[in-house]
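Asker: Sending over model_32.txt (compact mmCIF, C-alpha atoms).
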# COMPACT_ATOMS: atom_id res chain seq x y z
CA MET A 187 -38.22 7.55 -7.59
CA SER A 188 -34.44 7.08 -7.56
CA ASN A 189 -32.78 3.78 -8.43
CA LEU A 190 -31.69 3.48 -4.82
CA GLU A 191 -35.37 3.31 -3.90
CA GLU A 192 -36.34 0.76 -6.53
CA THR A 193 -35.94 -2.18 -4.17
CA LYS A 194 -36.99 -0.49 -0.96
CA LYS A 195 -40.41 -2.12 -0.77
CA ASP A 196 -38.98 -5.56 -0.19
CA TYR A 197 -35.25 -6.34 -0.06
CA THR A 198 -35.50 -9.94 -1.22
CA MET A 199 -32.54 -11.93 -2.42
CA LYS A 200 -33.81 -11.49 -5.97
CA SER A 201 -34.13 -7.70 -5.73
CA LEU A 202 -30.67 -7.30 -4.18
CA LEU A 203 -29.07 -9.50 -6.83
CA THR A 204 -30.93 -7.61 -9.55
CA TYR A 205 -29.47 -4.33 -8.29
CA ALA A 206 -25.97 -5.72 -7.77
CA ALA A 207 -25.88 -7.84 -10.96
CA PRO A 208 -24.47 -5.14 -13.27
CA THR A 209 -21.64 -4.42 -10.83
CA ILE A 210 -20.92 -8.14 -10.42
CA LEU A 211 -20.89 -8.64 -14.19
CA ALA A 212 -18.68 -5.57 -14.67
CA MET A 213 -16.11 -6.88 -12.19
CA ILE A 214 -16.21 -10.36 -13.72
CA PHE A 215 -15.63 -8.84 -17.14
CA VAL A 216 -12.72 -6.76 -15.83
CA SER A 217 -11.23 -9.94 -14.39
CA VAL A 218 -11.66 -11.79 -17.67
CA TYR A 219 -9.98 -9.17 -19.81
CA THR A 220 -7.23 -8.72 -17.20
CA MET A 221 -6.58 -12.45 -17.47
CA VAL A 222 -6.63 -12.25 -21.26
CA ASP A 223 -3.64 -9.87 -21.03
CA GLY A 224 -1.78 -12.59 -19.17
CA ILE A 225 -2.80 -15.29 -21.64
CA PHE A 226 -1.52 -13.29 -24.62
CA LEU A 227 1.77 -12.52 -22.88
CA ALA A 228 2.31 -16.10 -21.72
CA ARG A 229 1.36 -17.65 -25.04
CA PHE A 230 2.83 -15.17 -27.52
CA VAL A 231 5.80 -13.65 -25.65
CA ASP A 232 7.27 -15.67 -22.74
CA SER A 233 7.00 -16.35 -19.00
CA THR A 234 9.38 -13.47 -18.25
CA ALA A 235 6.89 -11.05 -19.82
CA LEU A 236 4.17 -12.45 -17.55
CA ALA A 237 6.49 -12.06 -14.55
CA ALA A 238 7.23 -8.44 -15.58
CA VAL A 239 3.54 -7.54 -15.36
CA ASN A 240 3.42 -9.01 -11.86
CA ILE A 241 6.56 -7.12 -10.82
CA PHE A 242 4.82 -3.85 -11.77
CA MET A 243 1.50 -4.92 -10.22
CA PRO A 244 2.19 -3.27 -6.81
CA ILE A 245 2.36 0.16 -8.50
CA TYR A 246 -0.81 -0.53 -10.49
CA ALA A 247 -2.52 -1.71 -7.31
CA LEU A 248 -1.39 1.45 -5.45
CA ILE A 249 -2.99 3.71 -8.05
CA PHE A 250 -6.18 1.67 -8.12
CA ALA A 251 -6.20 1.60 -4.30
CA ILE A 252 -6.42 5.39 -4.22
CA ALA A 253 -9.29 5.24 -6.71
CA LEU A 254 -11.20 2.73 -4.60
CA MET A 255 -10.53 4.69 -1.42
CA LEU A 256 -12.03 7.88 -2.85
CA GLY A 257 -14.75 6.09 -4.80
CA THR A 258 -16.12 3.79 -2.11
CA GLY A 259 -15.52 6.20 0.78
CA GLY A 260 -17.08 9.08 -1.13
CA SER A 261 -19.99 6.96 -2.38
CA ALA A 262 -21.04 6.09 1.17
CA ILE A 263 -21.10 9.79 2.09
CA ILE A 264 -22.96 10.76 -1.10
CA ALA A 265 -25.57 7.98 -0.79
CA LYS A 266 -26.14 8.84 2.87
CA LYS A 267 -26.81 12.48 1.90
CA MET A 268 -29.25 11.28 -0.75
CA GLY A 269 -31.02 9.29 1.95
CA GLU A 270 -31.14 12.47 4.03
CA ASN A 271 -32.80 14.31 1.07
CA ASN A 272 -29.82 16.56 0.38
CA PRO A 273 -29.16 15.98 -3.37
CA ARG A 274 -27.42 19.29 -4.14
CA GLU A 275 -24.74 18.75 -1.53
CA ALA A 276 -24.36 15.16 -2.78
CA GLN A 277 -23.68 16.49 -6.30
CA ARG A 278 -21.13 19.01 -5.05
CA ASP A 279 -19.38 16.30 -3.02
CA PHE A 280 -19.36 14.04 -6.08
CA THR A 281 -17.67 16.73 -8.20
CA ASN A 282 -15.16 17.47 -5.43
CA ILE A 283 -14.09 13.86 -5.14
CA VAL A 284 -13.71 13.22 -8.88
CA VAL A 285 -11.69 16.40 -9.52
CA PHE A 286 -9.41 15.71 -6.56
CA GLY A 287 -8.87 12.12 -7.74
CA ALA A 288 -7.90 13.28 -11.23
CA LEU A 289 -5.40 15.80 -9.86
CA LEU A 290 -3.91 13.18 -7.57
CA GLY A 291 -3.55 10.85 -10.56
CA LEU A 292 -1.65 13.56 -12.40
CA ILE A 293 0.80 13.94 -9.50
CA ILE A 294 1.31 10.16 -9.34
CA MET A 295 1.95 10.06 -13.09
CA ILE A 296 4.67 12.72 -12.89
CA LEU A 297 6.42 11.26 -9.82
CA GLY A 298 6.15 7.71 -11.16
CA LEU A 299 7.74 8.58 -14.50
CA VAL A 300 10.55 10.53 -12.82
CA PHE A 301 11.45 7.77 -10.33
CA ILE A 302 10.49 4.66 -12.31
CA ARG A 303 13.98 3.15 -12.49
CA PRO A 304 14.75 3.10 -8.75
CA ILE A 305 11.17 1.98 -8.04
CA LEU A 306 11.54 -1.03 -10.34
CA GLU A 307 14.91 -1.90 -8.76
CA VAL A 308 13.25 -2.00 -5.33
CA LEU A 309 10.43 -4.19 -6.68
CA GLY A 310 12.94 -6.79 -7.88
CA ALA A 311 12.95 -6.14 -11.63
CA GLY A 312 16.74 -5.84 -11.59
CA THR A 313 17.33 -9.58 -11.13
CA SER A 314 17.79 -9.86 -14.91
CA SER A 315 18.21 -7.32 -17.69
CA LEU A 316 15.36 -8.82 -19.74
CA LEU A 317 12.97 -8.72 -16.79
CA PHE A 318 13.91 -5.09 -16.09
CA ASP A 319 13.47 -4.05 -19.74
CA TYR A 320 10.07 -5.72 -19.94
CA THR A 321 8.91 -4.18 -16.65
CA PHE A 322 10.23 -0.71 -17.56
CA THR A 323 8.45 -0.76 -20.93
CA TYR A 324 5.16 -1.93 -19.40
CA GLY A 325 5.29 0.36 -16.37
CA GLN A 326 6.19 3.53 -18.23
CA ILE A 327 3.17 3.23 -20.53
CA ILE A 328 0.74 2.39 -17.71
CA LEU A 329 1.94 5.33 -15.59
CA TRP A 330 0.90 7.78 -18.34
CA THR A 331 -2.71 6.70 -17.75
CA SER A 332 -2.64 7.22 -13.94
CA PRO A 333 -5.28 10.03 -13.90
CA PHE A 334 -7.61 7.95 -16.08
CA LEU A 335 -7.03 4.83 -13.98
CA ILE A 336 -8.09 6.70 -10.84
CA ILE A 337 -11.15 8.15 -12.57
CA GLN A 338 -12.14 4.74 -13.91
CA GLY A 339 -11.74 3.16 -10.47
CA MET A 340 -13.81 5.86 -8.77
CA PHE A 341 -16.56 5.59 -11.39
CA GLU A 342 -17.01 1.87 -10.66
CA ALA A 343 -18.51 2.85 -7.30
CA LEU A 344 -19.95 6.25 -8.24
CA PHE A 345 -22.00 4.96 -11.19
CA VAL A 346 -23.73 2.58 -8.77
CA THR A 347 -24.42 5.44 -6.37
CA ALA A 348 -25.80 7.48 -9.29
CA GLY A 349 -28.27 4.66 -9.90
CA LYS A 350 -26.64 3.67 -13.21
CA PRO A 351 -24.98 0.28 -12.63
CA LYS A 352 -26.11 -0.98 -16.06
CA LEU A 353 -24.44 1.97 -17.77
CA SER A 354 -21.29 1.25 -15.81
CA LEU A 355 -21.41 -2.34 -17.06
CA LEU A 356 -21.84 -1.19 -20.67
CA ILE A 357 -18.90 1.20 -20.44
CA THR A 358 -16.76 -1.49 -18.80
CA ILE A 359 -17.60 -3.93 -21.61
CA ILE A 360 -16.64 -1.33 -24.23
CA GLY A 361 -13.28 -0.68 -22.54
CA GLY A 362 -12.56 -4.35 -21.90
CA SER A 363 -13.52 -5.48 -25.41
CA THR A 364 -11.23 -2.82 -26.83
CA ASN A 365 -8.43 -4.10 -24.60
CA ILE A 366 -8.89 -7.70 -25.76
CA ALA A 367 -9.08 -6.74 -29.45
CA LEU A 368 -5.98 -4.58 -29.18
CA ASP A 369 -4.12 -7.34 -27.29
CA TYR A 370 -4.58 -9.55 -30.33
CA LEU A 371 -3.70 -6.79 -32.77
CA PHE A 372 -0.64 -5.47 -30.94
CA ILE A 373 0.80 -8.73 -29.55
CA VAL A 374 -0.14 -11.39 -32.11
CA VAL A 375 -0.49 -9.48 -35.39
CA MET A 376 2.03 -6.66 -34.89
CA ASN A 377 4.38 -8.64 -32.58
CA MET A 378 4.76 -5.67 -30.17
CA GLY A 379 5.20 -7.88 -27.08
CA VAL A 380 5.02 -6.24 -23.65
CA LYS A 381 4.66 -2.78 -25.21
CA GLY A 382 1.56 -3.97 -27.06
CA ALA A 383 0.03 -5.36 -23.86
CA ALA A 384 0.64 -2.07 -22.04
CA LEU A 385 -0.83 0.01 -24.87
CA ALA A 386 -3.90 -2.23 -25.06
CA THR A 387 -4.44 -1.98 -21.30
CA SER A 388 -3.94 1.79 -21.31
CA ILE A 389 -6.43 2.39 -24.11
CA GLY A 390 -8.87 0.07 -22.32
CA ILE A 391 -8.54 2.33 -19.26
CA VAL A 392 -8.80 5.67 -21.04
CA ILE A 393 -11.96 4.87 -23.05
CA PRO A 394 -14.32 4.10 -20.11
CA SER A 395 -12.90 7.05 -18.15
CA ILE A 396 -13.68 9.50 -20.96
CA LEU A 397 -17.14 7.99 -21.54
CA GLY A 398 -17.89 8.36 -17.83
CA ILE A 399 -16.73 11.99 -17.80
CA ILE A 400 -18.92 12.75 -20.84
CA TYR A 401 -21.94 11.18 -19.15
CA PHE A 402 -21.59 13.13 -15.90
CA LEU A 403 -20.95 16.36 -17.82
CA THR A 404 -24.03 16.07 -20.01
CA SER A 405 -26.64 14.20 -17.93
CA SER A 406 -28.10 16.88 -15.70
CA LYS A 407 -31.14 14.68 -15.00
CA SER A 408 -29.00 11.98 -13.43
CA LEU A 409 -28.88 11.57 -9.65
CA LEU A 410 -25.25 12.71 -9.87
CA TYR A 411 -23.59 15.09 -12.31
CA PHE A 412 -20.75 17.59 -12.33
CA THR A 413 -21.60 20.95 -10.81
CA LYS A 414 -19.88 24.03 -9.38
CA PHE A 415 -17.97 23.37 -6.20
CA LYS A 416 -15.33 24.57 -3.79
CA PHE A 417 -12.67 22.22 -2.53
CA LYS A 418 -13.71 20.78 0.82
CA TRP A 419 -10.64 19.23 2.36
CA GLY A 420 -12.77 17.90 5.19
CA LEU A 421 -14.81 15.92 2.63
CA ILE A 422 -11.64 14.53 1.03
CA LEU A 423 -10.32 13.53 4.44
CA GLU A 424 -13.64 11.96 5.46
CA SER A 425 -13.88 10.06 2.16
CA SER A 426 -10.30 8.89 2.51
CA ILE A 427 -10.80 7.67 6.06
CA ASN A 428 -14.13 6.05 5.22
CA GLY A 429 -12.69 4.29 2.16
CA SER A 430 -9.37 3.53 3.78
CA SER A 431 -10.15 -0.18 4.10
CA GLU A 432 -10.46 -0.52 0.33
CA MET A 433 -7.19 1.36 -0.09
CA VAL A 434 -5.53 -0.77 2.57
CA THR A 435 -6.72 -3.91 0.78
CA ASN A 436 -5.10 -2.87 -2.48
CA LEU A 437 -1.98 -1.40 -0.88
CA SER A 438 -1.60 -4.59 1.10
CA SER A 439 -1.95 -6.61 -2.07
CA SER A 440 0.97 -4.59 -3.43
CA VAL A 441 3.12 -5.43 -0.41
CA VAL A 442 2.00 -9.06 -0.40
CA THR A 443 2.61 -9.41 -4.15
CA PHE A 444 6.11 -8.05 -3.58
CA ALA A 445 6.61 -10.58 -0.76
CA PHE A 446 5.31 -13.42 -2.95
CA ASN A 447 7.65 -12.37 -5.76
CA PHE A 448 10.63 -12.07 -3.41
CA LEU A 449 10.06 -15.52 -1.90
CA MET A 450 9.44 -17.14 -5.28
CA LEU A 451 12.63 -15.61 -6.69
CA LYS A 452 14.45 -16.93 -3.63
CA PHE A 453 12.98 -20.46 -3.68
CA ILE A 454 12.47 -21.09 -7.41
CA GLY A 455 13.27 -18.14 -9.70
CA VAL A 456 11.39 -16.30 -12.45
CA GLU A 457 9.22 -19.40 -13.08
CA GLY A 458 7.91 -19.08 -9.52
CA VAL A 459 6.95 -15.43 -10.09
CA ALA A 460 5.12 -16.45 -13.26
CA ALA A 461 3.27 -19.15 -11.27
CA VAL A 462 2.23 -16.59 -8.66
CA THR A 463 0.98 -14.35 -11.46
CA ILE A 464 -1.19 -17.20 -12.77
CA MET A 465 -2.54 -17.76 -9.26
CA LEU A 466 -3.46 -14.09 -8.91
CA TYR A 467 -5.17 -14.11 -12.30
CA ALA A 468 -7.16 -17.17 -11.23
CA MET A 469 -8.19 -15.31 -8.07
CA PHE A 470 -9.18 -12.25 -10.14
CA ILE A 471 -11.56 -14.33 -12.23
CA LEU A 472 -13.06 -16.42 -9.40
CA THR A 473 -13.65 -13.78 -6.70
CA PRO A 474 -15.25 -10.67 -8.34
CA LEU A 475 -18.64 -12.09 -7.37
CA PHE A 476 -17.91 -11.14 -3.74
CA MET A 477 -16.57 -7.67 -4.46
CA GLY A 478 -19.17 -6.95 -7.14
CA TYR A 479 -22.03 -7.86 -4.83
CA SER A 480 -20.61 -5.91 -1.88
CA VAL A 481 -19.90 -2.77 -3.93
CA GLY A 482 -23.22 -3.15 -5.73
CA ILE A 483 -25.40 -3.09 -2.62
CA ALA A 484 -23.24 -0.70 -0.56
CA PRO A 485 -25.20 2.41 -1.72
CA ILE A 486 -28.46 0.70 -0.68
CA ILE A 487 -27.01 0.07 2.78
CA SER A 488 -25.79 3.68 3.06
CA TYR A 489 -29.12 5.03 1.76
CA ASN A 490 -31.19 3.06 4.29
CA TYR A 491 -28.74 3.86 7.06
CA GLY A 492 -29.25 7.55 6.26
CA ARG A 493 -33.02 7.04 6.48
CA GLN A 494 -32.68 4.89 9.63
CA ASN A 495 -34.66 2.03 8.05
CA VAL A 496 -33.62 -0.61 10.59
CA ASP A 497 -35.93 -3.34 9.28
CA LYS A 498 -34.56 -2.87 5.78
CA LEU A 499 -30.96 -3.10 7.01
CA LYS A 500 -31.73 -6.35 8.81
CA LYS A 501 -33.24 -7.88 5.70
CA ILE A 502 -30.32 -6.76 3.52
CA PHE A 503 -27.84 -8.20 6.02
CA LYS A 504 -29.62 -11.55 6.35
CA ASN A 505 -30.01 -12.10 2.61
CA SER A 506 -26.43 -11.00 2.01
CA LEU A 507 -25.07 -13.59 4.44
CA VAL A 508 -27.07 -16.32 2.71
CA PHE A 509 -25.80 -15.23 -0.71
CA ILE A 510 -22.17 -14.97 0.43
CA THR A 511 -22.25 -18.40 2.07
CA ILE A 512 -23.73 -20.15 -0.97
CA SER A 513 -21.45 -18.35 -3.43
CA SER A 514 -18.32 -19.07 -1.32
CA ILE A 515 -18.96 -22.81 -1.38
CA SER A 516 -19.85 -22.67 -5.07
CA ILE A 517 -16.70 -20.79 -6.03
CA PHE A 518 -14.52 -23.17 -4.01
CA VAL A 519 -16.01 -26.14 -5.88
CA LEU A 520 -15.80 -24.27 -9.20
CA SER A 521 -12.15 -23.44 -8.57
CA HIS A 522 -11.30 -27.14 -8.37
CA LEU A 523 -13.21 -27.85 -11.56
CA LEU A 524 -11.79 -24.93 -13.55
CA GLY A 525 -8.42 -24.38 -11.86
CA PRO A 526 -6.33 -26.73 -14.04
CA TYR A 527 -7.87 -25.26 -17.20
CA LEU A 528 -7.21 -21.67 -16.09
CA ILE A 529 -3.59 -22.56 -15.41
CA ARG A 530 -3.31 -24.32 -18.79
CA PHE A 531 -4.38 -21.15 -20.56
CA MET A 532 -1.22 -19.39 -19.39
CA ALA A 533 1.30 -22.18 -19.04
CA VAL A 534 2.09 -25.13 -21.26
CA GLN A 535 1.00 -28.38 -19.60
CA GLY A 536 4.03 -30.15 -18.18
CA SER A 537 6.19 -27.03 -18.05
CA ASP A 538 7.87 -25.93 -14.80
CA VAL A 539 5.52 -22.95 -14.46
CA TYR A 540 2.47 -25.20 -14.97
CA GLU A 541 3.58 -27.73 -12.36
CA ILE A 542 4.42 -25.05 -9.78
CA ALA A 543 1.04 -23.33 -10.23
CA LYS A 544 -0.89 -26.61 -10.29
CA ASN A 545 0.70 -27.87 -7.07
CA GLY A 546 0.02 -24.57 -5.29
CA PHE A 547 -3.55 -24.08 -6.47
CA TRP A 548 -5.08 -26.70 -4.19
CA PHE A 549 -3.80 -24.92 -1.09
CA PHE A 550 -4.49 -21.43 -2.44
CA SER A 551 -8.12 -22.24 -3.37
CA LEU A 552 -9.05 -22.83 0.28
CA SER A 553 -9.10 -19.05 0.66
CA PHE A 554 -12.25 -18.87 -1.50
CA LEU A 555 -14.23 -20.45 1.35
CA PHE A 556 -13.54 -17.51 3.68
CA MET A 557 -12.87 -14.56 1.40
CA GLY A 558 -16.50 -13.63 0.69
CA ILE A 559 -17.59 -12.93 4.26
CA ASN A 560 -14.45 -10.86 4.88
CA ILE A 561 -14.97 -8.69 1.80
CA PHE A 562 -18.65 -8.19 2.58
CA THR A 563 -18.07 -7.32 6.25
CA SER A 564 -15.40 -4.76 5.40
CA MET A 565 -17.63 -3.16 2.78
CA LEU A 566 -20.60 -3.23 5.19
CA PHE A 567 -18.78 -1.04 7.71
CA THR A 568 -17.60 1.28 4.93
CA ALA A 569 -21.23 1.66 3.80
CA LEU A 570 -22.19 2.41 7.42
CA SER A 571 -19.52 5.17 7.43
CA ASN A 572 -17.37 3.31 9.94
CA GLY A 573 -14.09 3.39 8.05
CA LYS A 574 -12.12 2.62 11.21
CA ILE A 575 -13.48 -0.91 11.68
CA SER A 576 -13.38 -1.55 7.95
CA ALA A 577 -9.72 -0.51 7.87
CA ILE A 578 -8.81 -2.72 10.85
CA ILE A 579 -10.36 -5.74 9.14
CA SER A 580 -8.54 -4.97 5.90
CA ILE A 581 -5.16 -4.34 7.53
CA LEU A 582 -5.30 -7.60 9.47
CA ARG A 583 -6.70 -9.63 6.57
CA THR A 584 -4.59 -8.44 3.67
CA LEU A 585 -1.36 -7.40 5.39
CA VAL A 586 -0.68 -8.50 8.96
CA PHE A 587 -1.96 -12.08 8.77
CA VAL A 588 -0.55 -12.77 5.29
CA LEU A 589 2.90 -11.30 5.93
CA THR A 590 3.16 -13.09 9.28
CA ALA A 591 2.30 -16.37 7.61
CA LEU A 592 4.81 -15.70 4.80
CA LEU A 593 7.47 -14.91 7.39
CA VAL A 594 6.84 -18.02 9.51
CA LEU A 595 5.64 -20.82 7.22
CA PRO A 596 8.11 -21.01 4.28
CA PRO A 597 11.18 -21.54 6.50
CA LEU A 598 9.27 -24.35 8.24
CA ILE A 599 7.55 -26.19 5.39
CA GLY A 600 9.06 -24.72 2.23
CA ILE A 601 7.13 -23.60 -0.82
CA ASN A 602 3.78 -24.91 0.44
CA GLY A 603 4.03 -22.32 3.21
CA ILE A 604 3.80 -19.61 0.53
CA TRP A 605 0.57 -21.06 -0.84
CA ILE A 606 -0.99 -21.66 2.61
CA ALA A 607 -0.40 -18.05 3.75
CA THR A 608 -3.45 -16.57 2.00
CA PRO A 609 -6.10 -19.13 3.10
CA LEU A 610 -4.76 -18.99 6.66
CA ALA A 611 -5.05 -15.20 6.65
CA GLU A 612 -8.62 -15.39 5.33
CA LEU A 613 -9.59 -17.91 8.03
CA LEU A 614 -8.18 -15.74 10.81
CA SER A 615 -10.00 -12.74 9.31
CA VAL A 616 -13.34 -14.53 9.60
CA VAL A 617 -12.77 -14.63 13.35
CA VAL A 618 -12.06 -10.88 13.38
CA CYS A 619 -15.13 -10.10 11.25
CA THR A 620 -17.35 -12.20 13.49
CA PHE A 621 -16.07 -10.32 16.53
CA PHE A 622 -16.83 -6.88 15.04
CA LEU A 623 -20.23 -7.93 13.69
CA PHE A 624 -21.39 -9.08 17.12
CA ARG A 625 -19.75 -6.20 18.97
CA ASN A 626 -21.54 -3.57 16.83
CA ARG A 627 -24.90 -5.28 16.30
CA LYS A 628 -26.68 -2.96 18.75
CA VAL A 629 -25.12 0.17 17.23
CA TYR A 630 -26.23 -0.50 13.62
CA GLN A 631 -28.99 -3.07 14.32
CA TYR A 632 -28.31 -5.18 11.22
CA PHE A 633 -29.38 -8.27 13.20
Would you write the structure of this file as structure tokens?

Answerer:
Amino acid sequence: MSNLEETKKDYTMKSLLTYAAPTILAMIFVSVYTMVDGIFLARFVDSTALAAVNIFMPIYALIFAIALMLGTGGSAIIAKKMGENNPREAQRDFTNIVVFGALLGLIIMILGLVFIRPILEVLGAGTSSLLFDYTFTYGQIILWTSPFLIIQGMFEALFVTAGKPKLSLLITIIGGSTNIALDYLFIVVMNMGVKGAALATSIGIVIPSILGIIYFLTSSKSLLYFTKFKFKWGLILESSINGSSEMVTNLSSSVVTFAFNFLMLKFIGVEGVAAVTIMLYAMFILTPLFMGYSVGIAPIISYNYGRQNVDKLKKIFKNSLVFITISSISIFVLSHLLGPYLIRFMAVQGSDVYEIAKNGFWFFSLSFLFMGINIFTSMLFTALSNGKISAIISILRTLVFVLTALLVLPPLIGINGIWIATPLAELLSVVVCTFFLFRNRKVYQYF
């Protein structure tokens, strides 16, 4: 019996959480060690170094967006074929997607390294020579790992589809622990600054990617493993369309991060960019519960959709809504309890950066009340192979609504308009998600 079938007898809240738990924990751990990078830079270099990482973040997010697009979009197709009892084709599709992703990462690496200087100028790194030098050093090192970053991102979803979420968690912990240890060694002990942070992050990316490749090359008894294949451009296109919402989400975050940085540089300066970086780190550590759960159960949704188990889909949907509602309220409350401490980790209490981030966090944290249902709904339609609806939700939520709010609110109410933009966008997205859920309830019969 495959791991996707382990909970098929009764999709209780407990069984769903048990299946999704490794993915949730993996994403929480990724968030923690990502935040640790920021803490080391803020504490042992300076706020400009922290701002430099955020300036480069749109490029990092673009690369990871491609990984999520192929990984989540391909996983839905692969899991559906498993549900249709077609494992050989699922394995060939898996190999196709991973090889294509690696080649695409190689192309991105070459183009990124060739055009890095003009790219950084566009992103705003040229406002000071120190900021540009920091961003150039960090970005150049990260770009060398582009193929591995895409592979790692794809494997986050594909390990779950292969029925090995616990192995994915273990590999993530190995990579993340290495990153944290090397952050201390390179930044604190060896005083390598931004270069040390970039090297630590890169090594933390390469290790889990290689471990994942080794597993899928040697584990022929796994649900998924590398096999002979021929490129199927239709599969790549279908995976890309189906996973487009996840790509849109990350691409949009790149655009929105750029907009945040631009407005903060305009209203406050580099300290404002550092404050935004702290806010994004806080979001990274408080919201992976939503994404981890949604990604974790997506293969189960796709599998049962392939088998046309309507009763199972209804139970999954009902329990998921209960979990998302409870966790959204809990994270909102937790954000107010932990928020000041998270900010204090990366900014000295009483400093300009600390005060800017502290004042903005109250407004920004409202988004945690609405974010969960939006992430789950988008992932639900991806799992049901309806990439179109998923993409519409993501475009509106992470791009259209946020940018409109950033365009309208700051001129009217100043800096608070920047912080309010995200929660307002999440609230409007709940309305959109509710509309699509009700409109398509008879098509997919999830309630």

Asker: Using only C-alpha atoms, what does the table of stretch 469-502 of chain A residues within 12 Å of stretch 329-351 of chain A look like, with each row giving the shortest atom pair and its distance in Å to one decimal, sorted by chain and ascending number, as JSON lines?

Answerer:
{"residue": "A:Met477", "atom": "CA", "partner": "A:Ala343", "partner_atom": "CA", "distance": 11.1}
{"residue": "A:Gly478", "atom": "CA", "partner": "A:Glu342", "partner_atom": "CA", "distance": 9.7}
{"residue": "A:Tyr479", "atom": "CA", "partner": "A:Val346", "partner_atom": "CA", "distance": 11.3}
{"residue": "A:Ser480", "atom": "CA", "partner": "A:Ala343", "partner_atom": "CA", "distance": 10.5}
{"residue": "A:Val481", "atom": "CA", "partner": "A:Ala343", "partner_atom": "CA", "distance": 6.7}
{"residue": "A:Gly482", "atom": "CA", "partner": "A:Val346", "partner_atom": "CA", "distance": 6.5}
{"residue": "A:Ile483", "atom": "CA", "partner": "A:Val346", "partner_atom": "CA", "distance": 8.5}
{"residue": "A:Ala484", "atom": "CA", "partner": "A:Thr347", "partner_atom": "CA", "distance": 8.5}
{"residue": "A:Pro485", "atom": "CA", "partner": "A:Thr347", "partner_atom": "CA", "distance": 5.6}
{"residue": "A:Ile486", "atom": "CA", "partner": "A:Thr347", "partner_atom": "CA", "distance": 8.4}
{"residue": "A:Ile487", "atom": "CA", "partner": "A:Thr347", "partner_atom": "CA", "distance": 10.9}
{"residue": "A:Ser488", "atom": "CA", "partner": "A:Thr347", "partner_atom": "CA", "distance": 9.7}
{"residue": "A:Tyr489", "atom": "CA", "partner": "A:Thr347", "partner_atom": "CA", "distance": 9.4}

Asker: Pick from A:Ala460, A:Met243, A:Ile249, A:Val285: nearest to A:Met433, with all atoms listed in the file counted?

Answerer: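 Of the candidates, the smallest distance to A:Met433 is held by A:Ile249.
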
Asker: Excluding stretch 413-417 of chain A and its own-chain neighbours fewer than 6 positions away, which residues fall within 10 Å of it when counting only C-alpha atoms? Please give them as a PyMOL selection string.

Answerer: chain A and resi 274-275+277-283+285-286+402-403+406

Asker: For the atom pair atom CA of A:Ser425 and atom CA of A:Ile579, what is the interatomic distance in Å to one decimal place?

Answerer: 17.6 Å

Asker: Need the axis-aligned box for stretch 340-359 of chain A with 3 Å each side, so what are the centre and edges in Å to one decimal, as AutoDock Vina command-line options?

Answerer:
--center_x -21.0 --center_y 1.8 --center_z -14.0 --size_x 20.5 --size_y 17.4 --size_z 21.2

Asker: Using all atoms listed in the file for the distances, tell me which of A:Ala237, A:Phe446, A:Ala384, A:Leu585 is nearest to A:Ser615.

Answerer: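 With all atoms listed in the file as the atom set, the closest residue is A:Leu585.
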
Asker: Which residues are close to A:Asn365, i.e. within 8 Å by only C-alpha atoms, leaving aside same-chain residues fewer than 2 positions away? Reply as a PyMOL selection string.

Answerer: chain A and resi 219+361-363+367-369+386-387+389-390

Asker: May I ask for the distance between atom CA of A:Gly398 and atom CA of A:Ile366, given in Å to one decimal place?

Answerer: 20.0 Å

Asker: Show which residues sit within 10 Å of A:Ile464, as a list in words. Count only C-alpha atoms, and ignore same-chain residues fewer than 3 positions away.

Answerer: Met221, Gly224, Ile225, Ala228, Leu236, Ala237, Asn240, Gly458, Val459, Ala460, Ala461, Tyr467, Ala468, Met469, Phe470, Leu528, Ile529, Arg530, Phe531, Met532, Ala533, Val539, Tyr540, Ala543, Lys544 and Phe547 of chain A
